[in-house]
$ cat my_file.cif   # mmCIF, C-alpha atoms and all ligand atoms
data_entry
#
loop_
_atom_site.label_atom_id
_atom_site.label_comp_id
_atom_site.auth_asym_id
_atom_site.auth_seq_id
_atom_site.Cartn_x
_atom_site.Cartn_y
_atom_site.Cartn_z
CA MET A 945 0.00 0.00 0.00
CA HIS A 946 1.37 3.47 -0.90
CA THR A 947 1.71 5.91 1.98
CA HIS A 948 -0.91 8.19 0.42
CA ASP A 949 -3.46 5.33 0.53
CA ILE A 950 -3.05 4.84 4.29
CA PRO A 951 -5.83 6.63 6.16
CA VAL A 952 -4.75 9.43 8.47
CA ILE A 953 -6.93 11.27 10.98
CA ALA A 954 -5.27 14.61 11.75
CA ILE A 955 -6.32 16.23 15.02
CA ASP A 956 -4.93 19.72 15.56
CA GLY A 957 -5.74 22.22 18.23
CA PRO A 958 -4.49 24.43 21.05
CA SER A 959 -2.74 23.47 24.26
CA ALA A 960 -4.65 21.19 26.65
CA SER A 961 -7.69 20.87 24.39
CA GLY A 962 -7.76 17.11 24.99
CA LYS A 963 -6.30 16.21 21.59
CA GLY A 964 -3.99 13.57 23.03
CA THR A 965 -6.65 11.75 25.03
CA ILE A 966 -9.17 11.76 22.17
CA ALA A 967 -6.59 10.86 19.52
CA GLN A 968 -5.34 7.91 21.56
CA LEU A 969 -8.85 6.59 22.18
CA VAL A 970 -9.75 6.88 18.50
CA ALA A 971 -6.52 5.12 17.52
CA ASN A 972 -7.21 2.30 20.00
CA THR A 973 -10.77 1.86 18.74
CA LEU A 974 -9.72 1.69 15.10
CA GLY A 975 -6.51 -0.27 15.75
CA PHE A 976 -4.51 2.60 14.18
CA TYR A 977 -1.06 3.88 15.10
CA TYR A 978 -0.89 7.06 17.17
CA LEU A 979 1.48 10.00 16.78
CA ASP A 980 1.80 12.54 19.60
CA SER A 981 3.76 15.12 17.60
CA GLY A 982 3.91 17.53 20.56
CA ALA A 983 5.97 14.90 22.43
CA LEU A 984 8.68 15.28 19.78
CA TYR A 985 8.85 19.05 20.36
CA ARG A 986 8.88 18.44 24.11
CA LEU A 987 11.72 15.91 23.66
CA VAL A 988 13.76 18.48 21.74
CA ALA A 989 13.11 20.90 24.61
CA LEU A 990 14.18 18.35 27.24
CA LYS A 991 17.39 17.53 25.38
CA THR A 992 18.07 21.25 24.96
CA MET A 993 17.77 21.71 28.74
CA GLN A 994 19.84 18.63 29.52
CA THR A 995 22.67 19.75 27.23
CA ASN A 996 22.48 23.42 28.27
CA THR A 997 22.14 24.38 24.60
CA ASN A 998 21.72 28.07 23.92
CA ILE A 999 18.16 28.52 22.61
CA ASN A 1000 19.43 30.91 19.94
CA ASP A 1001 21.82 28.32 18.52
CA ILE A 1002 19.46 27.18 15.78
CA ASN A 1003 21.89 24.79 14.07
CA THR A 1004 22.50 22.82 17.26
CA LEU A 1005 18.76 22.80 18.01
CA ALA A 1006 18.00 21.46 14.54
CA ASN A 1007 20.65 18.77 15.04
CA ILE A 1008 19.12 17.80 18.38
CA ALA A 1009 15.77 17.42 16.58
CA LYS A 1010 17.27 15.43 13.73
CA ASP A 1011 19.27 13.08 15.96
CA LEU A 1012 16.69 12.51 18.73
CA ASP A 1013 17.32 9.03 20.07
CA VAL A 1014 13.69 8.41 20.97
CA ILE A 1015 11.71 5.22 21.35
CA PHE A 1016 7.93 5.16 21.82
CA LYS A 1017 7.14 1.88 23.56
CA HIS A 1018 3.50 1.24 24.47
CA ASP A 1019 2.61 4.35 26.49
CA LYS A 1020 6.19 5.05 27.58
CA ILE A 1021 8.75 7.35 25.97
CA PHE A 1022 12.51 6.78 26.15
CA LEU A 1023 15.29 9.20 25.26
CA GLY A 1024 18.42 7.11 24.94
CA ASP A 1025 18.32 4.75 27.92
CA ASN A 1026 16.20 7.05 30.09
CA GLU A 1027 12.46 6.95 30.47
CA VAL A 1028 11.19 10.51 30.06
CA THR A 1029 7.41 9.93 29.85
CA ASP A 1030 6.68 12.31 32.74
CA ALA A 1031 9.79 14.49 32.48
CA ILE A 1032 8.58 15.99 29.17
CA ARG A 1033 5.15 16.90 30.63
CA THR A 1034 6.30 19.75 32.89
CA GLU A 1035 5.13 23.26 32.02
CA GLU A 1036 8.77 24.32 31.71
CA CYS A 1037 9.27 21.75 28.98
CA GLY A 1038 6.01 22.72 27.25
CA ILE A 1039 6.92 26.40 27.21
CA LEU A 1040 10.41 25.74 25.84
CA ALA A 1041 8.89 23.32 23.27
CA SER A 1042 6.55 26.05 22.10
CA ASN A 1043 9.51 28.45 21.74
CA LEU A 1044 11.67 25.99 19.83
CA ALA A 1045 8.72 25.01 17.64
CA SER A 1046 8.77 28.47 16.10
CA TYR A 1047 12.09 27.69 14.33
CA PRO A 1048 11.43 26.35 10.81
CA GLN A 1049 14.75 24.42 10.98
CA VAL A 1050 13.54 22.50 14.03
CA ARG A 1051 10.17 21.77 12.41
CA GLU A 1052 11.83 20.58 9.22
CA ALA A 1053 14.17 18.28 11.13
CA LEU A 1054 11.12 16.55 12.67
CA THR A 1055 9.07 16.21 9.47
CA ALA A 1056 10.35 12.88 8.14
CA ARG A 1057 10.20 11.34 11.60
CA GLN A 1058 6.54 12.28 11.91
CA ARG A 1059 5.63 10.98 8.43
CA ALA A 1060 7.29 7.65 9.25
CA PHE A 1061 4.46 6.98 11.72
CA CYS A 1062 2.05 6.63 8.80
CA GLN A 1063 1.76 2.87 8.47
CA THR A 1064 -1.03 0.40 7.72
CA PRO A 1065 -3.76 0.08 8.83
CA GLY A 1066 -3.80 3.81 9.62
CA LEU A 1067 -2.69 6.67 11.83
CA VAL A 1068 -4.24 9.14 14.22
CA ALA A 1069 -1.89 12.12 14.61
CA ASP A 1070 -2.30 15.05 16.99
CA GLY A 1071 -0.54 18.39 17.06
CA ARG A 1072 -0.72 21.85 15.52
CA ASP A 1073 0.10 21.24 11.85
CA MET A 1074 -0.85 17.62 11.22
CA GLY A 1075 -3.54 18.48 8.65
CA SER A 1076 -1.86 21.58 7.23
CA VAL A 1077 1.78 20.50 6.80
CA ILE A 1078 2.65 16.95 7.82
CA PHE A 1079 -0.34 15.01 6.42
CA PRO A 1080 -2.06 17.34 3.94
CA ASN A 1081 -3.83 14.34 2.35
CA ALA A 1082 -5.37 13.17 5.63
CA ALA A 1083 -8.74 11.44 5.22
CA LEU A 1084 -10.18 13.51 8.08
CA LYS A 1085 -8.90 16.78 9.56
CA ILE A 1086 -10.22 18.03 12.86
CA PHE A 1087 -9.60 21.25 14.74
CA LEU A 1088 -10.23 20.32 18.35
CA THR A 1089 -10.62 23.10 20.87
CA ALA A 1090 -12.28 24.18 24.14
CA SER A 1091 -12.46 27.40 26.14
CA ALA A 1092 -9.17 28.49 27.75
CA GLU A 1093 -10.76 28.16 31.23
CA ILE A 1094 -11.79 24.55 30.65
CA ARG A 1095 -8.40 23.74 29.17
CA ALA A 1096 -6.65 25.20 32.24
CA GLN A 1097 -8.83 23.02 34.47
CA ARG A 1098 -8.06 19.91 32.40
CA ARG A 1099 -4.33 20.63 32.40
CA TYR A 1100 -4.49 21.15 36.19
CA LYS A 1101 -6.09 17.74 36.70
CA GLN A 1102 -3.59 16.10 34.35
CA LEU A 1103 -0.57 17.58 36.17
CA ILE A 1104 -1.90 16.90 39.67
CA GLY A 1105 -2.69 13.33 38.58
CA LYS A 1106 0.99 12.93 37.66
CA GLY A 1107 2.07 14.33 41.05
CA ILE A 1108 3.32 17.57 39.41
CA ASN A 1109 2.56 20.80 41.33
CA ALA A 1110 0.21 23.22 39.57
CA ASN A 1111 -1.83 26.38 40.02
CA ILE A 1112 -4.94 27.08 37.90
CA ALA A 1113 -4.40 30.85 37.54
CA ASP A 1114 -0.81 30.34 36.33
CA LEU A 1115 -1.91 27.57 33.99
CA LEU A 1116 -4.63 29.77 32.46
CA GLN A 1117 -2.13 32.55 31.86
CA ASP A 1118 0.34 30.10 30.38
CA ILE A 1119 -2.30 28.61 28.06
CA GLN A 1120 -3.29 32.06 26.81
CA LYS A 1121 0.35 32.98 26.16
CA ARG A 1122 0.98 29.67 24.41
CA ASP A 1123 -2.17 30.10 22.25
CA ALA A 1124 -0.92 33.50 21.15
CA ARG A 1125 2.59 32.23 20.39
CA ASP A 1126 1.41 29.11 18.54
CA SER A 1127 -1.17 31.06 16.51
CA ASN A 1128 0.98 34.03 15.59
CA ARG A 1129 4.22 32.36 14.52
CA SER A 1130 5.01 32.56 10.81
CA THR A 1131 5.86 28.87 10.26
CA ALA A 1132 3.00 26.37 10.58
CA PRO A 1133 0.84 28.56 12.84
CA LEU A 1134 -1.96 26.96 14.79
CA GLN A 1135 -5.18 27.71 12.92
CA GLN A 1136 -8.26 25.91 11.71
CA GLY A 1137 -7.71 24.99 8.06
CA THR A 1138 -10.62 25.50 5.67
CA ASP A 1139 -10.72 21.71 5.18
CA ALA A 1140 -10.79 20.92 8.93
CA LYS A 1141 -13.94 20.23 10.93
CA LEU A 1142 -14.32 22.17 14.16
CA LEU A 1143 -14.86 20.11 17.30
CA ASP A 1144 -15.44 22.28 20.39
CA THR A 1145 -15.22 20.03 23.44
CA THR A 1146 -15.99 22.69 26.07
CA ALA A 1147 -19.29 21.01 26.91
CA LEU A 1148 -18.47 17.48 25.72
CA SER A 1149 -17.31 14.46 27.69
CA ILE A 1150 -14.30 12.52 26.47
CA THR A 1151 -16.59 9.75 25.22
CA GLN A 1152 -18.81 12.20 23.32
CA ALA A 1153 -15.77 13.80 21.68
CA LYS A 1154 -14.30 10.41 20.76
CA ASP A 1155 -17.64 9.21 19.33
CA THR A 1156 -17.94 12.37 17.23
CA VAL A 1157 -14.52 11.79 15.68
CA LEU A 1158 -15.37 8.14 14.99
CA ALA A 1159 -18.70 9.10 13.39
CA TRP A 1160 -17.01 11.69 11.18
CA TYR A 1161 -14.37 9.16 10.17
CA ALA A 1162 -17.07 6.57 9.32
CA GLU A 1163 -18.70 9.21 7.08
CA THR A 1164 -15.47 9.76 5.16
CA CYS A 1165 -15.25 5.99 4.59
CA THR A 1166 -18.80 5.72 3.21
CA ASN A 1167 -18.35 8.84 1.04
CA LYS A 1168 -15.28 7.38 -0.68
O1 LIG A 1201 0.26 19.50 25.71
P1 LIG A 1201 0.14 20.71 24.86
O2 LIG A 1201 -1.03 20.68 23.97
O3 LIG A 1201 0.32 21.99 25.60
O4 LIG A 1201 1.39 20.76 23.93
P2 LIG A 1201 1.99 19.61 23.07
O5 LIG A 1201 1.02 19.12 22.06
O6 LIG A 1201 2.66 18.61 23.93
O7 LIG A 1201 3.11 20.46 22.28
C1 LIG A 1201 4.06 21.27 22.94
C2 LIG A 1201 4.41 22.46 22.05
O8 LIG A 1201 4.98 21.97 20.84
C3 LIG A 1201 3.21 23.29 21.61
O9 LIG A 1201 3.00 24.41 22.43
C4 LIG A 1201 3.55 23.74 20.21
O10 LIG A 1201 4.16 24.99 20.19
C5 LIG A 1201 4.55 22.73 19.72
N1 LIG A 1201 3.99 21.85 18.68
C6 LIG A 1201 4.04 22.29 17.39
O11 LIG A 1201 4.50 23.39 17.11
N2 LIG A 1201 3.61 21.48 16.37
C7 LIG A 1201 3.08 20.27 16.64
N3 LIG A 1201 2.68 19.51 15.63
C8 LIG A 1201 2.98 19.83 17.97
C9 LIG A 1201 3.43 20.65 18.98
#
$ encode --input "my_file.cif" --output "structure tokens" --more "lines below"
Ligand code: CDP
Amino acid sequence: MHTHDIPVIAIDGPSASGKGTIAQLVANTLGFYYLDSGALYRLVALKTMQTNTNINDINTLANIAKDLDVIFKHDKIFLGDNEVTDAIRTEECGILASNLASYPQVREALTARQRAFCQTPGLVADGRDMGSVIFPNAALKIFLTASAEIRAQRRYKQLIGKGINANIADLLQDIQKRDARDSNRSTAPLQQGTDAKLLDTTALSITQAKDTVLAWYAETCTNK
């Protein structure tokens, strides 16, 4: 099967909108692979911190992205020999990831790695530019969002659940800053593409959101 025949569901949206949770559930239901593209940007950020790399040294940052020694194993993430599943989830890592993600050289260095996740029987990919840049031929493109207040609450629960300290007011401010940075950058900005369906999960449960994505995907299959 050619790569362009493999079905891809691209789920893009702002920070803490629930993309990861929904994307993973949809992938499990369909038996598809799952790509958490944000994890790659977070891994570049973690490696940048670990190596004390100057965040203006774009060549070194691009090399870090290109040479990332990462393994996704079940729901665990390894960088070299170290498990970093939780280490990449801190707000510090997310903020640095968002900064580094504005460099086109870093984005380019991660492109092939992301496309390599597209394998039979299919892929669910979540991020900011899955439908616009990485998988422009995706069978279904979704822009998944929720109000900033709800997203701050969800992020709070997620961090506390992982034993990471958090404060809702700080998280809300951080989400608003990150929205602005991700939406206003010149390379691959976060925005709803004209070919993407809007899914606002502010008032939806996880199951309702997942079922909506599955129903939309089933429609694309019958319309083929
Ligand atoms: O968890 P959260 O939604 O805050 O972020 P994430 O999906 O883990 O991604 C971390 C950062 O990487 C985001 O703030 C984006 O700036 C960047 N990113 C990106 O630019 N493009 C992607 N496809 C995925 C993430």
$ residues_near_ligand --input "my_file.cif" --ligand "ligand LIG 1201 (chain A)" --cutoff "6 Å" --atoms "only C-alpha atoms and all ligand atoms" --output "MDAnalysis selection string"
chainID A and resid 958:960 981:983 985:986 1038 1041:1042 1045 1071:1074 1122 1126
$ residues_around --input "my_file.cif" --residues "Thr947 (chain A)" --least-positions-apart "4" --cutoff "9 Å" --atoms "all atoms listed in the file" --output "list of chain:residue names"
A:Pro951, A:Cys1062, A:Gln1063, A:Thr1064
$ closest_residue --input "my_file.cif" --among "A:Ala1031, A:Met993, A:Ile950, A:Ile966" --to "Gln1152 (chain A)" --atoms "all atoms listed in the file"
A:Ile966
$ closest_residue --input "my_file.cif" --among "A:Ile1021, A:Val1068, A:Ile1108, A:Ala1006" --to "Leu1158 (chain A)" --atoms "only C-alpha atoms"
A:Val1068
$ closest_residue --input "my_file.cif" --among "A:Thr1029, A:Ser961, A:Thr1034, A:Asn1043" --to "Leu1103 (chain A)" --atoms "all atoms listed in the file"
A:Thr1034
$ closest_residue --input "my_file.cif" --among "A:Val1157, A:Lys1141, A:Ser1127, A:Glu1035" --to "Asn1111 (chain A)" --atoms "all atoms listed in the file"
A:Glu1035
$ axis_aligned_box --input "my_file.cif" --around "region 1067-1078 of chain A" --padding-each-side "6 Å" --output "lines of an AutoDock Vina configuration file"
center_x = -0.8
center_y = 14.3
center_z = 11.9
size_x = 18.9
size_y = 27.2
size_z = 22.3
$ residues_around --input "my_file.cif" --residues "Thr1138 (chain A)" --least-positions-apart "5" --cutoff "12 Å" --atoms "only C-alpha atoms" --output "MDAnalysis selection string"
chainID A and resid 1075:1076 1080 1085:1087
$ closest_residue --input "my_file.cif" --among "A:Ile1039, A:Leu1143, A:Ile1015, A:Val970" --to "Ala989 (chain A)" --atoms "only C-alpha atoms"
A:Ile1039
$ closest_residue --input "my_file.cif" --among "A:Thr1131, A:Lys1154, A:Pro1065, A:Asn1007" --to "Gly975 (chain A)" --atoms "only C-alpha atoms"
A:Pro1065
$ residues_around --input "my_file.cif" --residues "Leu1116 (chain A)" --least-positions-apart "6" --cutoff "9 Å" --atoms "all atoms listed in the file" --output "JSON, numbers by chain"
{"A": [1092, 1093, 1095, 1096, 1097]}
$ residues_around --input "my_file.cif" --residues "Ile1008 (chain A)" --least-positions-apart "5" --cutoff "8 Å" --atoms "all atoms listed in the file" --output "MDAnalysis selection string"
chainID A and resid 988 991:992
$ write_last_selection --input "my_file.cif" --atoms "C-alpha atoms" --output "mmCIF file, in the coordinates of the input"
data_model
loop_
_atom_site.group_PDB
_atom_site.id
_atom_site.type_symbol
_atom_site.label_atom_id
_atom_site.label_comp_id
_atom_site.auth_asym_id
_atom_site.auth_seq_id
_atom_site.Cartn_x
_atom_site.Cartn_y
_atom_site.Cartn_z
ATOM 1 C CA VAL A 988 13.760 18.480 21.740
ATOM 2 C CA LYS A 991 17.390 17.530 25.380
ATOM 3 C CA THR A 992 18.070 21.250 24.960
#
$ atom_distance --input "my_file.cif" --atom1 "CA of Asp980 (chain A)" --atom2 "CA of Ala967 (chain A)"
8.6 Å
$ atom_distance --input "my_file.cif" --atom1 "CA of Arg1051 (chain A)" --atom2 "CA of Thr1164 (chain A)"
29.2 Å
